[in-house]
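**Q** Here you go, protein20.cif (mmCIF, C-alpha atoms):
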```cif
data_entry
#
loop_
_atom_site.label_atom_id
_atom_site.label_comp_id
_atom_site.auth_asym_id
_atom_site.auth_seq_id
_atom_site.Cartn_x
_atom_site.Cartn_y
_atom_site.Cartn_z
CA MET U 1 16.98 31.59 53.55
CA ASN U 2 18.73 33.82 56.06
CA PHE U 3 18.11 37.53 56.63
CA ASN U 4 18.42 40.31 59.16
CA LYS U 5 15.16 39.97 61.08
CA TYR U 6 15.15 43.63 62.12
CA ASP U 7 15.65 44.66 58.51
CA VAL U 8 12.53 42.64 57.64
CA ALA U 9 10.70 44.10 60.64
CA LEU U 10 11.51 47.61 59.46
CA GLN U 11 10.16 46.91 55.98
CA LEU U 12 6.95 45.44 57.38
CA SER U 13 6.35 48.64 59.35
CA LYS U 14 5.64 50.45 56.08
CA GLU U 15 2.13 50.57 54.63
CA GLY U 16 1.59 48.33 51.64
CA ILE U 17 4.55 46.08 52.45
CA GLY U 18 3.74 42.46 53.23
CA ARG U 19 5.26 39.01 53.06
CA GLU U 20 5.41 38.71 49.27
CA LYS U 21 7.05 42.10 48.74
CA VAL U 22 9.58 41.38 51.47
CA LEU U 23 10.40 38.00 49.92
CA ASN U 24 10.92 39.71 46.57
CA ARG U 25 13.21 42.31 48.11
CA ILE U 26 15.22 39.65 49.94
CA SER U 27 15.69 37.67 46.74
CA ASN U 28 16.83 40.82 44.94
CA ARG U 29 19.01 41.90 47.89
CA ARG U 30 17.38 45.33 47.83
CA PHE U 31 17.60 45.85 51.59
CA PHE U 32 19.71 42.91 52.67
CA ASN U 33 21.64 43.55 55.92
CA ASN U 34 20.92 47.27 56.08
CA GLY U 35 22.66 47.21 59.45
CA LYS U 36 22.54 50.78 60.78
CA GLU U 37 18.86 51.44 60.13
CA ALA U 38 17.90 47.93 61.28
CA LEU U 39 19.83 48.42 64.53
CA GLY U 40 17.95 51.65 65.16
CA TYR U 41 14.66 49.89 64.60
CA LYS U 42 15.69 47.11 66.99
CA LYS U 43 16.27 49.71 69.71
CA TYR U 44 12.87 51.25 68.98
CA LEU U 45 11.14 47.87 69.37
CA ASN U 46 13.06 47.07 72.55
CA GLN U 47 11.88 50.32 74.08
CA LYS U 48 8.32 49.17 73.44
CA GLY U 49 8.99 45.75 74.98
CA ILE U 50 8.59 44.01 71.62
CA GLU U 51 10.83 41.21 70.41
CA VAL U 52 11.20 39.69 66.96
CA ILE U 53 11.50 35.99 66.13
CA SER U 54 12.66 35.01 62.66
CA SER U 55 11.49 31.88 60.91
CA PHE U 56 14.99 30.36 60.98
CA GLU U 57 15.32 30.58 64.77
CA ASP U 58 14.60 27.64 67.07
CA SER U 59 12.09 29.72 69.04
CA PHE U 60 9.83 30.07 65.99
CA PRO U 61 6.75 27.79 66.36
CA LYS U 62 7.67 24.48 64.74
CA LEU U 63 4.20 23.61 63.46
CA LEU U 64 3.79 27.06 61.93
CA LYS U 65 7.08 26.64 60.06
CA GLN U 66 5.57 23.56 58.38
CA THR U 67 2.82 25.61 56.69
CA ALA U 68 3.19 26.79 53.11
CA ASP U 69 3.02 30.55 53.76
CA PHE U 70 4.48 30.94 57.23
CA PRO U 71 5.44 34.49 58.32
CA LEU U 72 9.06 35.47 57.88
CA VAL U 73 9.09 37.03 61.34
CA LEU U 74 6.81 37.21 64.37
CA PHE U 75 6.52 40.17 66.72
CA THR U 76 5.99 39.20 70.35
CA GLY U 77 5.11 40.87 73.61
CA GLY U 78 5.22 38.82 76.79
CA ASN U 79 6.49 35.34 77.57
CA GLN U 80 8.02 33.71 74.48
CA GLN U 81 8.52 30.49 76.44
CA LEU U 82 4.82 29.74 75.93
CA LEU U 83 5.64 28.95 72.30
CA LYS U 84 7.51 25.85 73.49
CA ASN U 85 4.32 24.35 74.93
CA HIS U 86 1.92 22.11 73.06
CA MET U 87 -0.58 24.58 71.57
CA ILE U 88 -4.29 24.34 70.87
CA THR U 89 -6.39 27.06 69.24
CA ILE U 90 -9.93 27.86 70.37
CA VAL U 91 -12.00 30.39 68.40
CA GLY U 92 -15.60 31.32 67.79
CA THR U 93 -18.22 33.92 67.08
CA ARG U 94 -18.26 37.53 68.21
CA LYS U 95 -21.97 37.08 68.99
CA MET U 96 -21.44 34.75 71.92
CA THR U 97 -24.47 33.30 73.70
CA SER U 98 -24.72 32.14 77.31
CA TYR U 99 -24.29 28.60 75.96
CA GLY U 100 -21.04 29.62 74.27
CA ARG U 101 -19.75 31.17 77.49
CA TRP U 102 -20.59 27.99 79.37
CA ALA U 103 -18.97 25.83 76.68
CA VAL U 104 -15.68 27.73 76.89
CA ARG U 105 -15.28 26.98 80.60
CA TYR U 106 -16.57 23.43 80.14
CA VAL U 107 -13.90 22.75 77.51
CA LEU U 108 -11.03 24.54 79.27
CA LYS U 109 -11.39 23.55 82.90
CA PRO U 110 -10.06 19.95 82.54
CA LEU U 111 -6.98 21.30 80.70
CA LYS U 112 -5.72 23.61 83.45
CA ASP U 113 -3.04 21.25 84.76
CA LEU U 114 -1.62 20.31 81.35
CA ASP U 115 1.58 21.74 79.89
CA ILE U 116 -0.20 23.57 77.08
CA SER U 117 -0.77 27.06 75.71
CA VAL U 118 -4.28 27.98 74.58
CA VAL U 119 -4.33 30.25 71.53
CA SER U 120 -7.09 32.59 70.35
CA GLY U 121 -7.56 35.81 68.38
CA LEU U 122 -8.49 38.44 71.01
CA ALA U 123 -11.72 39.33 69.19
CA VAL U 124 -14.84 40.11 71.18
CA GLY U 125 -17.10 37.18 72.02
CA ILE U 126 -15.73 33.65 72.23
CA ASP U 127 -12.07 34.67 71.73
CA SER U 128 -12.17 37.11 74.63
CA GLU U 129 -13.93 34.55 76.80
CA VAL U 130 -11.25 31.97 76.01
CA HIS U 131 -8.44 34.34 77.02
CA GLN U 132 -10.18 35.54 80.17
CA THR U 133 -11.08 32.01 81.27
CA CYS U 134 -7.47 30.94 80.75
CA LEU U 135 -6.32 33.82 82.94
CA ASP U 136 -8.88 32.87 85.57
CA LEU U 137 -7.75 29.22 85.53
CA ASN U 138 -4.02 30.02 85.23
CA ILE U 139 -3.81 28.35 81.82
CA PRO U 140 -1.09 29.94 79.63
CA THR U 141 -2.72 31.86 76.80
CA ILE U 142 -1.45 33.38 73.55
CA ALA U 143 -3.33 36.10 71.66
CA ILE U 144 -2.65 36.34 67.92
CA VAL U 145 -3.80 39.70 66.59
CA ALA U 146 -4.42 41.04 63.09
CA GLY U 147 -2.47 44.09 61.98
CA GLY U 148 0.25 45.63 64.10
CA ILE U 149 0.99 43.98 67.42
CA ASP U 150 -0.32 47.10 69.18
CA LYS U 151 -3.32 47.65 66.88
CA GLY U 152 -5.05 44.39 66.04
CA TYR U 153 -7.63 44.13 68.81
CA PRO U 154 -10.91 45.87 69.72
CA ILE U 155 -10.70 48.90 72.00
CA ARG U 156 -12.94 47.21 74.54
CA ASN U 157 -10.29 44.49 74.92
CA ARG U 158 -7.52 46.89 75.90
CA ASP U 159 -7.39 45.75 79.52
CA LEU U 160 -7.47 42.11 78.44
CA TYR U 161 -4.65 42.79 75.99
CA ARG U 162 -2.54 44.25 78.81
CA LYS U 163 -3.25 41.30 81.08
CA ILE U 164 -2.20 38.83 78.39
CA ALA U 165 0.96 40.83 77.62
CA LYS U 166 1.85 40.61 81.31
CA ARG U 167 0.86 37.01 82.04
CA GLY U 168 0.80 35.38 78.60
CA LEU U 169 1.96 36.29 75.09
CA ILE U 170 0.82 38.65 72.33
CA LEU U 171 1.78 37.63 68.80
CA SER U 172 1.51 39.25 65.35
CA GLU U 173 3.25 39.07 62.01
CA PHE U 174 3.11 42.88 61.78
CA PRO U 175 5.05 45.44 63.81
CA PRO U 176 3.59 48.20 65.98
CA GLY U 177 1.87 50.97 64.10
CA ARG U 178 0.51 48.92 61.19
CA GLU U 179 -3.19 49.72 60.94
CA VAL U 180 -5.60 46.83 60.53
CA ILE U 181 -7.15 46.34 57.10
CA LYS U 182 -9.76 43.76 56.15
CA GLY U 183 -7.37 41.31 54.46
CA MET U 184 -5.28 40.96 57.61
CA PHE U 185 -7.92 38.91 59.42
CA PRO U 186 -7.66 35.85 57.13
CA MET U 187 -3.88 36.21 57.40
CA ARG U 188 -4.18 36.14 61.19
CA ASN U 189 -6.50 33.12 60.98
CA ARG U 190 -3.92 31.08 59.07
CA ILE U 191 -1.49 31.64 61.95
CA LEU U 192 -4.15 30.68 64.49
CA ALA U 193 -4.49 27.39 62.63
CA GLY U 194 -0.82 26.90 61.85
CA VAL U 195 0.68 27.20 65.33
CA SER U 196 -1.49 24.52 66.94
CA SER U 197 -2.00 20.80 66.61
CA ALA U 198 -5.77 21.24 66.80
CA VAL U 199 -8.43 23.90 66.36
CA VAL U 200 -11.62 24.01 68.43
CA ILE U 201 -14.60 26.03 67.24
CA ILE U 202 -17.21 27.15 69.77
CA GLU U 203 -20.19 28.86 68.12
CA SER U 204 -19.90 30.25 64.60
CA ASP U 205 -22.19 31.40 61.86
CA VAL U 206 -21.88 29.81 58.43
CA THR U 207 -19.67 32.60 57.07
CA GLY U 208 -17.66 33.44 60.20
CA GLY U 209 -13.91 33.92 60.42
CA SER U 210 -13.80 30.76 62.53
CA LEU U 211 -14.57 28.77 59.39
CA ILE U 212 -11.62 30.39 57.64
CA THR U 213 -9.51 29.18 60.53
CA MET U 214 -11.05 25.72 60.18
CA ASN U 215 -10.24 25.58 56.45
CA SER U 216 -6.67 26.71 57.14
CA ALA U 217 -6.38 24.00 59.81
CA LEU U 218 -7.59 21.33 57.40
CA GLU U 219 -5.13 22.51 54.76
CA CYS U 220 -2.35 22.17 57.35
CA GLY U 221 -3.50 18.68 58.32
CA ARG U 222 -4.56 19.75 61.80
CA GLU U 223 -7.33 18.16 63.86
CA VAL U 224 -10.57 20.17 64.00
CA PHE U 225 -13.12 19.91 66.80
CA ALA U 226 -16.46 21.70 66.84
CA VAL U 227 -18.89 22.09 69.72
CA PRO U 228 -22.39 21.22 68.39
CA SER U 229 -24.84 24.12 68.39
CA ASN U 230 -28.57 24.28 69.08
CA ILE U 231 -30.34 23.73 65.75
CA GLY U 232 -32.80 26.43 66.83
CA GLU U 233 -30.03 29.06 66.67
CA GLN U 234 -30.12 29.71 62.94
CA SER U 235 -27.34 32.31 63.12
CA LEU U 236 -24.93 29.86 64.78
CA GLN U 237 -24.97 26.84 62.51
CA GLY U 238 -21.31 27.09 61.51
CA CYS U 239 -20.20 24.46 64.02
CA ASN U 240 -22.84 22.01 62.85
CA MET U 241 -21.74 22.67 59.27
CA CYS U 242 -18.11 21.97 60.28
CA ILE U 243 -19.19 18.65 61.77
CA ALA U 244 -21.04 17.80 58.57
CA GLN U 245 -17.81 18.49 56.67
CA GLY U 246 -15.74 16.17 58.86
CA ALA U 247 -14.86 18.05 62.06
CA THR U 248 -14.98 15.94 65.21
CA PRO U 249 -18.00 16.81 67.37
CA LEU U 250 -16.71 17.93 70.76
CA TYR U 251 -19.21 16.91 73.41
CA LEU U 252 -16.88 15.90 76.26
CA PRO U 253 -13.81 17.86 77.40
CA GLU U 254 -12.07 14.51 77.94
CA GLN U 255 -11.82 14.29 74.16
CA LEU U 256 -9.38 17.21 74.16
CA TYR U 257 -7.59 15.90 77.22
CA ASP U 258 -7.04 12.56 75.50
CA PHE U 259 -5.91 14.23 72.27
CA LEU U 260 -3.36 16.35 74.13
CA THR U 261 -1.99 13.60 76.36
CA ILE U 262 -1.81 10.56 74.09
#
```
Transcribe the structure of this file into structure tokens.
**A**
Amino acid sequence: MNFNKYDVALQLSKEGIGREKVLNRISNRRFFNNGKEALGYKKYLNQKGIEVISSFEDSFPKLLKQTADFPLVLFTGGNQQLLKNHMITIVGTRKMTSYGRWAVRYVLKPLKDLDISVVSGLAVGIDSEVHQTCLDLNIPTIAIVAGGIDKGYPIRNRDLYRKIAKRGLILSEFPPGREVIKGMFPMRNRILAGVSSAVVIIESDVTGGSLITMNSALECGREVFAVPSNIGEQSLQGCNMCIAQGATPLYLPEQLYDFLTI
């Protein structure tokens, strides 16, 4: 299936238009190769420093293309070359504890000299700590946001967003301007799982979005690691539940190192 990626991008900028509606319109040739308007939208995105990757281009993440409901296009801000690296996703709770903060650095530090990109969701808590620690350790990092590429992150993470756009990569399946709605977070989580060969969960409650990412990873046949949590922290038993359901308990960072280098 081939299409004008800027035509698709333009359609996705409109409220209520998502992947399924775009697919339907492509199949019915309702906006196929609308060249003039698409060219204008391309110029608009370029002015904002945003590029578009279509699912039929070589730069599109190969593992993501293997998933059943991969995005038709991805909007990017920053260094697209990071998508060529081996990718690993690390996510967790918004209610991070001091143990979770310690665990992030403990897991990441041995990976700083590997040719990898570390992916997370730019939420507060563990996600933010993952991105910031990567920046501190000079590990390439990719932030996948829900909603529009300029909208899908908490206000308090604005400075972090800018740092990642400058030194890493921002990624979304929605163009600038699309407001975030609740259903976009599970959509974002499927991309978090789909782009990487493994997902690591550091602190999660039993109903957290991290578990949605885990389930998406399992559906894609990805490896799932979970850092065991203190059984006294009743609100953070999601990781222990993941382990009970078959995730590999991550208790030594060498486990990830071995997984990424073998």
**Q** Would you mind listing, for every residue of segment 7-125 of chain U within 8 Å of segment 207-212 of chain U, the two atoms forming the shortest contact and the distance between them in Å to one decimal, using only C-alpha atoms, sorted by chain and ascending residue number, as a tab-separated table?
**A**
```
residue	atom	partner	partner_atom	distance
U:Val91	CA	U:Ser210	CA	6.2
U:Gly92	CA	U:Ser210	CA	5.6
U:Thr93	CA	U:Gly208	CA	6.9
```
**Q** So which residues touch Val119 of chain U within 6 Å, counting all atoms listed in the file, skipping near sequence neighbours fewer than 3 positions away, as a PyMOL selection string?
**A** chain U and resi 88-89+141-143
**Q** Can you spit out the residues from that selection as an mmCIF file, in the frame of the given file, using C-alpha atoms?
**A**
```
data_model
loop_
_atom_site.group_PDB
_atom_site.id
_atom_site.type_symbol
_atom_site.label_atom_id
_atom_site.label_comp_id
_atom_site.auth_asym_id
_atom_site.auth_seq_id
_atom_site.Cartn_x
_atom_site.Cartn_y
_atom_site.Cartn_z
ATOM 1 C CA ILE U 88 -4.290 24.340 70.870
ATOM 2 C CA THR U 89 -6.390 27.060 69.240
ATOM 3 C CA THR U 141 -2.720 31.860 76.800
ATOM 4 C CA ILE U 142 -1.450 33.380 73.550
ATOM 5 C CA ALA U 143 -3.330 36.100 71.660
#
```
**Q** I'd like the neighbourhood of Leu135 of chain U as a PyMOL selection string, where a residue qualifies if any of its atoms comes within 10 Å (using only C-alpha atoms), though same-chain residues fewer than 3 positions away should be ignored.
**A** chain U and resi 129-132+138-141+160+163-164+167-168
**Q** Output C-alpha atoms for every residue in that selection, as a short mmCIF file (atom, residue, chain, number, x, y, z; two decimals), keeping the file's coordinate frame.
**A**
```cif
data_model
loop_
_atom_site.label_atom_id
_atom_site.label_comp_id
_atom_site.auth_asym_id
_atom_site.auth_seq_id
_atom_site.Cartn_x
_atom_site.Cartn_y
_atom_site.Cartn_z
CA GLU U 129 -13.93 34.55 76.80
CA VAL U 130 -11.25 31.97 76.01
CA HIS U 131 -8.44 34.34 77.02
CA GLN U 132 -10.18 35.54 80.17
CA ASN U 138 -4.02 30.02 85.23
CA ILE U 139 -3.81 28.35 81.82
CA PRO U 140 -1.09 29.94 79.63
CA THR U 141 -2.72 31.86 76.80
CA LEU U 160 -7.47 42.11 78.44
CA LYS U 163 -3.25 41.30 81.08
CA ILE U 164 -2.20 38.83 78.39
CA ARG U 167 0.86 37.01 82.04
CA GLY U 168 0.80 35.38 78.60
#
```
**Q** By how many Å are atom CA of Asn240 of chain U and atom CA of Asn189 of chain U apart?
**A** 19.8 Å
**Q** Need the shell around Val206 of chain U: protein/DNA/RNA residues with any atom at most 10 Å away, counting all atoms listed in the file. Skip same-chain ones fewer than 4 positions apart. Format as an MDAnalysis selection string?
**A** chainID U and resid 210:211 234:242
**Q** For the selection just defined, write its residues with C-alpha atoms to a file, as a short mmCIF file (atom, residue, chain, number, x, y, z; two decimals), keeping the file's coordinate frame.
**A**
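Written out: selection_15.cif:
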```
data_model
loop_
_atom_site.label_atom_id
_atom_site.label_comp_id
_atom_site.auth_asym_id
_atom_site.auth_seq_id
_atom_site.Cartn_x
_atom_site.Cartn_y
_atom_site.Cartn_z
CA SER U 210 -13.80 30.76 62.53
CA LEU U 211 -14.57 28.77 59.39
CA GLN U 234 -30.12 29.71 62.94
CA SER U 235 -27.34 32.31 63.12
CA LEU U 236 -24.93 29.86 64.78
CA GLN U 237 -24.97 26.84 62.51
CA GLY U 238 -21.31 27.09 61.51
CA CYS U 239 -20.20 24.46 64.02
CA ASN U 240 -22.84 22.01 62.85
CA MET U 241 -21.74 22.67 59.27
CA CYS U 242 -18.11 21.97 60.28
#
```
**Q** Could you list, as a PyMOL selection string, every residue matched by the PyMOL selection byres ((chain U and resi 253-260) around 10) in this structure?
**A** chain U and resi 86-88+103+105-111+114-116+197-198+200+223+225+248-252+261-262
**Q** Rounded to one decimal place, report the atom CA of Ser98 of chain U-atom CA of Leu171 of chain U distance in Å.
**A**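 Result for atom CA of Ser98 of chain U versus atom CA of Leu171 of chain U: 28.4 Å, one decimal.
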**Q** For the atom pair atom CA of Leu137 of chain U and atom CA of Ile149 of chain U, what is the interatomic distance in Å to one decimal place?
**A**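 A separation of 24.9 Å between them.
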**Q** Could you list, as a ChimeraX atom specification, every residue matched by the PyMOL selection byres ((chain U and resi 202) around 6) in this structure?
**A** /U:92,201,203,227
**Q** For the PyMOL selection byres ((chain U and resi 121) around 6), applied here, can you spell out every residue it catches as a ChimeraX atom specification?
**A** /U:120,122-123,127,143-145
**Q** Only C-alpha atoms, please: the residues just picked out, written as a PDB file, keeping the file's coordinate frame.
**A**
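result_4.pdb was written with the following content:
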```pdb
ATOM      1  CA  SER U 120      -7.090  32.590  70.350  1.00  0.00           C
ATOM      2  CA  LEU U 122      -8.490  38.440  71.010  1.00  0.00           C
ATOM      3  CA  ALA U 123     -11.720  39.330  69.190  1.00  0.00           C
ATOM      4  CA  ASP U 127     -12.070  34.670  71.730  1.00  0.00           C
ATOM      5  CA  ALA U 143      -3.330  36.100  71.660  1.00  0.00           C
ATOM      6  CA  ILE U 144      -2.650  36.340  67.920  1.00  0.00           C
ATOM      7  CA  VAL U 145      -3.800  39.700  66.590  1.00  0.00           C
TER       8      VAL U 145
END
```
**Q** Tell me which of U:Val118, U:Phe70, U:Pro175, U:Ala247 sits closest to Asn46 of chain U, counting all atoms listed in the file.
**A**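 Nearest candidate to Asn46 of chain U out of U:Val118, U:Phe70, U:Pro175, U:Ala247: U:Pro175.
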**Q** Residues within 9 Å of Lys151 of chain U, please, as a JSON list (two decimals) with C-alpha atoms, keeping the file's coordinate frame. Count all atoms listed in the file; anything in the same chain fewer than 6 positions from it doesn't count.
**A**
```
[["chain", "number", "residue", "atom", "x", "y", "z"],
["U", 145, "VAL", "CA", -3.80, 39.70, 66.59],
["U", 176, "PRO", "CA", 3.59, 48.20, 65.98],
["U", 177, "GLY", "CA", 1.87, 50.97, 64.10],
["U", 178, "ARG", "CA", 0.51, 48.92, 61.19],
["U", 179, "GLU", "CA", -3.19, 49.72, 60.94],
["U", 180, "VAL", "CA", -5.60, 46.83, 60.53]]
```
**Q** Near Leu82 of chain U, counting all atoms listed in the file, which residues have an atom at most 7 Å away, once you skip same-chain residues fewer than 3 positions from it, shown as a list in words?
**A**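 Within the cut-off, the hits are Asn79, Asn85, Ser117 and Pro140 of chain U.
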**Q** Once 6 Å is added on each side, what centre and edge lengths in Å to one decimal does the axis-aligned box around all listed atoms of segment 99-117 of chain U have, as AutoDock Vina command-line options?
**A**
```
--center_x -11.4 --center_y 25.6 --center_z 79.5 --size_x 37.9 --size_y 23.2 --size_z 22.5
```
**Q** Taking (13.5, 45.1, 58.9) as a centre in this file's frame and 12 Å as the limit, can you find every polymer residue with an atom that close, using all atoms listed in the file, and give them as a PDB file with C-alpha atoms, in the coordinates of the input?
**A**
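Result saved to part34.pdb:
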```pdb
ATOM      1  CA  PHE U   3      18.110  37.530  56.630  1.00  0.00           C
ATOM      2  CA  ASN U   4      18.420  40.310  59.160  1.00  0.00           C
ATOM      3  CA  LYS U   5      15.160  39.970  61.080  1.00  0.00           C
ATOM      4  CA  TYR U   6      15.150  43.630  62.120  1.00  0.00           C
ATOM      5  CA  ASP U   7      15.650  44.660  58.510  1.00  0.00           C
ATOM      6  CA  VAL U   8      12.530  42.640  57.640  1.00  0.00           C
ATOM      7  CA  ALA U   9      10.700  44.100  60.640  1.00  0.00           C
ATOM      8  CA  LEU U  10      11.510  47.610  59.460  1.00  0.00           C
ATOM      9  CA  GLN U  11      10.160  46.910  55.980  1.00  0.00           C
ATOM     10  CA  LEU U  12       6.950  45.440  57.380  1.00  0.00           C
ATOM     11  CA  SER U  13       6.350  48.640  59.350  1.00  0.00           C
ATOM     12  CA  LYS U  14       5.640  50.450  56.080  1.00  0.00           C
ATOM     13  CA  ILE U  17       4.550  46.080  52.450  1.00  0.00           C
ATOM     14  CA  GLY U  18       3.740  42.460  53.230  1.00  0.00           C
ATOM     15  CA  ARG U  19       5.260  39.010  53.060  1.00  0.00           C
ATOM     16  CA  VAL U  22       9.580  41.380  51.470  1.00  0.00           C
ATOM     17  CA  LEU U  23      10.400  38.000  49.920  1.00  0.00           C
ATOM     18  CA  ARG U  25      13.210  42.310  48.110  1.00  0.00           C
ATOM     19  CA  ILE U  26      15.220  39.650  49.940  1.00  0.00           C
ATOM     20  CA  ARG U  30      17.380  45.330  47.830  1.00  0.00           C
ATOM     21  CA  PHE U  31      17.600  45.850  51.590  1.00  0.00           C
ATOM     22  CA  PHE U  32      19.710  42.910  52.670  1.00  0.00           C
ATOM     23  CA  ASN U  33      21.640  43.550  55.920  1.00  0.00           C
ATOM     24  CA  ASN U  34      20.920  47.270  56.080  1.00  0.00           C
ATOM     25  CA  GLY U  35      22.660  47.210  59.450  1.00  0.00           C
ATOM     26  CA  LYS U  36      22.540  50.780  60.780  1.00  0.00           C
ATOM     27  CA  GLU U  37      18.860  51.440  60.130  1.00  0.00           C
ATOM     28  CA  ALA U  38      17.900  47.930  61.280  1.00  0.00           C
ATOM     29  CA  LEU U  39      19.830  48.420  64.530  1.00  0.00           C
ATOM     30  CA  GLY U  40      17.950  51.650  65.160  1.00  0.00           C
ATOM     31  CA  TYR U  41      14.660  49.890  64.600  1.00  0.00           C
ATOM     32  CA  LYS U  42      15.690  47.110  66.990  1.00  0.00           C
ATOM     33  CA  TYR U  44      12.870  51.250  68.980  1.00  0.00           C
ATOM     34  CA  LEU U  45      11.140  47.870  69.370  1.00  0.00           C
ATOM     35  CA  VAL U  52      11.200  39.690  66.960  1.00  0.00           C
ATOM     36  CA  ILE U  53      11.500  35.990  66.130  1.00  0.00           C
ATOM     37  CA  SER U  54      12.660  35.010  62.660  1.00  0.00           C
ATOM     38  CA  LEU U  72       9.060  35.470  57.880  1.00  0.00           C
ATOM     39  CA  VAL U  73       9.090  37.030  61.340  1.00  0.00           C
ATOM     40  CA  LEU U  74       6.810  37.210  64.370  1.00  0.00           C
ATOM     41  CA  PHE U  75       6.520  40.170  66.720  1.00  0.00           C
ATOM     42  CA  PHE U 174       3.110  42.880  61.780  1.00  0.00           C
ATOM     43  CA  PRO U 175       5.050  45.440  63.810  1.00  0.00           C
TER      44      PRO U 175
END
```
**Q** Please complete segment 121-140 of chain U so it has N, CA and C atoms, and hand it over as a PDB file, keeping the file's coordinate frame.
**A**
```pdb
ATOM      1  N   GLY U 121      -7.801  34.630  69.204  1.00  0.00           N
ATOM      2  CA  GLY U 121      -7.560  35.810  68.380  1.00  0.00           C
ATOM      3  C   GLY U 121      -7.878  37.147  68.992  1.00  0.00           C
ATOM      4  N   LEU U 122      -8.227  37.197  70.285  1.00  0.00           N
ATOM      5  CA  LEU U 122      -8.490  38.440  71.010  1.00  0.00           C
ATOM      6  C   LEU U 122      -9.626  39.270  70.409  1.00  0.00           C
ATOM      7  N   ALA U 123     -10.505  38.641  69.646  1.00  0.00           N
ATOM      8  CA  ALA U 123     -11.720  39.330  69.190  1.00  0.00           C
ATOM      9  C   ALA U 123     -12.732  39.337  70.324  1.00  0.00           C
ATOM     10  N   VAL U 124     -13.771  40.155  70.189  1.00  0.00           N
ATOM     11  CA  VAL U 124     -14.840  40.110  71.180  1.00  0.00           C
ATOM     12  C   VAL U 124     -15.585  38.788  71.045  1.00  0.00           C
ATOM     13  N   GLY U 125     -16.330  38.422  72.069  1.00  0.00           N
ATOM     14  CA  GLY U 125     -17.100  37.180  72.020  1.00  0.00           C
ATOM     15  C   GLY U 125     -16.306  35.999  72.542  1.00  0.00           C
ATOM     16  N   ILE U 126     -16.356  34.901  71.800  1.00  0.00           N
ATOM     17  CA  ILE U 126     -15.730  33.650  72.230  1.00  0.00           C
ATOM     18  C   ILE U 126     -14.233  33.821  72.475  1.00  0.00           C
ATOM     19  N   ASP U 127     -13.522  34.509  71.570  1.00  0.00           N
ATOM     20  CA  ASP U 127     -12.070  34.670  71.730  1.00  0.00           C
ATOM     21  C   ASP U 127     -11.738  35.318  73.063  1.00  0.00           C
ATOM     22  N   SER U 128     -12.418  36.412  73.368  1.00  0.00           N
ATOM     23  CA  SER U 128     -12.170  37.110  74.630  1.00  0.00           C
ATOM     24  C   SER U 128     -12.461  36.204  75.819  1.00  0.00           C
ATOM     25  N   GLU U 129     -13.551  35.443  75.708  1.00  0.00           N
ATOM     26  CA  GLU U 129     -13.930  34.550  76.800  1.00  0.00           C
ATOM     27  C   GLU U 129     -12.879  33.468  76.998  1.00  0.00           C
ATOM     28  N   VAL U 130     -12.314  32.978  75.918  1.00  0.00           N
ATOM     29  CA  VAL U 130     -11.250  31.970  76.010  1.00  0.00           C
ATOM     30  C   VAL U 130     -10.055  32.541  76.765  1.00  0.00           C
ATOM     31  N   HIS U 131      -9.598  33.738  76.360  1.00  0.00           N
ATOM     32  CA  HIS U 131      -8.440  34.340  77.020  1.00  0.00           C
ATOM     33  C   HIS U 131      -8.718  34.607  78.502  1.00  0.00           C
ATOM     34  N   GLN U 132      -9.878  35.198  78.788  1.00  0.00           N
ATOM     35  CA  GLN U 132     -10.180  35.540  80.170  1.00  0.00           C
ATOM     36  C   GLN U 132     -10.317  34.297  81.042  1.00  0.00           C
ATOM     37  N   THR U 133     -10.933  33.259  80.509  1.00  0.00           N
ATOM     38  CA  THR U 133     -11.080  32.010  81.270  1.00  0.00           C
ATOM     39  C   THR U 133      -9.714  31.385  81.520  1.00  0.00           C
ATOM     40  N   CYS U 134      -8.833  31.445  80.546  1.00  0.00           N
ATOM     41  CA  CYS U 134      -7.470  30.940  80.750  1.00  0.00           C
ATOM     42  C   CYS U 134      -6.773  31.709  81.872  1.00  0.00           C
ATOM     43  N   LEU U 135      -6.921  33.028  81.875  1.00  0.00           N
ATOM     44  CA  LEU U 135      -6.320  33.820  82.940  1.00  0.00           C
ATOM     45  C   LEU U 135      -6.908  33.448  84.295  1.00  0.00           C
ATOM     46  N   ASP U 136      -8.216  33.244  84.316  1.00  0.00           N
ATOM     47  CA  ASP U 136      -8.880  32.870  85.570  1.00  0.00           C
ATOM     48  C   ASP U 136      -8.399  31.516  86.093  1.00  0.00           C
ATOM     49  N   LEU U 137      -8.131  30.583  85.155  1.00  0.00           N
ATOM     50  CA  LEU U 137      -7.750  29.220  85.530  1.00  0.00           C
ATOM     51  C   LEU U 137      -6.232  29.012  85.550  1.00  0.00           C
ATOM     52  N   ASN U 138      -5.488  30.092  85.307  1.00  0.00           N
ATOM     53  CA  ASN U 138      -4.020  30.020  85.230  1.00  0.00           C
ATOM     54  C   ASN U 138      -3.537  29.073  84.133  1.00  0.00           C
ATOM     55  N   ILE U 139      -4.241  29.082  83.015  1.00  0.00           N
ATOM     56  CA  ILE U 139      -3.810  28.350  81.820  1.00  0.00           C
ATOM     57  C   ILE U 139      -3.043  29.334  80.939  1.00  0.00           C
ATOM     58  N   PRO U 140      -1.823  29.028  80.515  1.00  0.00           N
ATOM     59  CA  PRO U 140      -1.090  29.940  79.630  1.00  0.00           C
ATOM     60  C   PRO U 140      -1.879  30.237  78.358  1.00  0.00           C
TER      61      PRO U 140
END
```
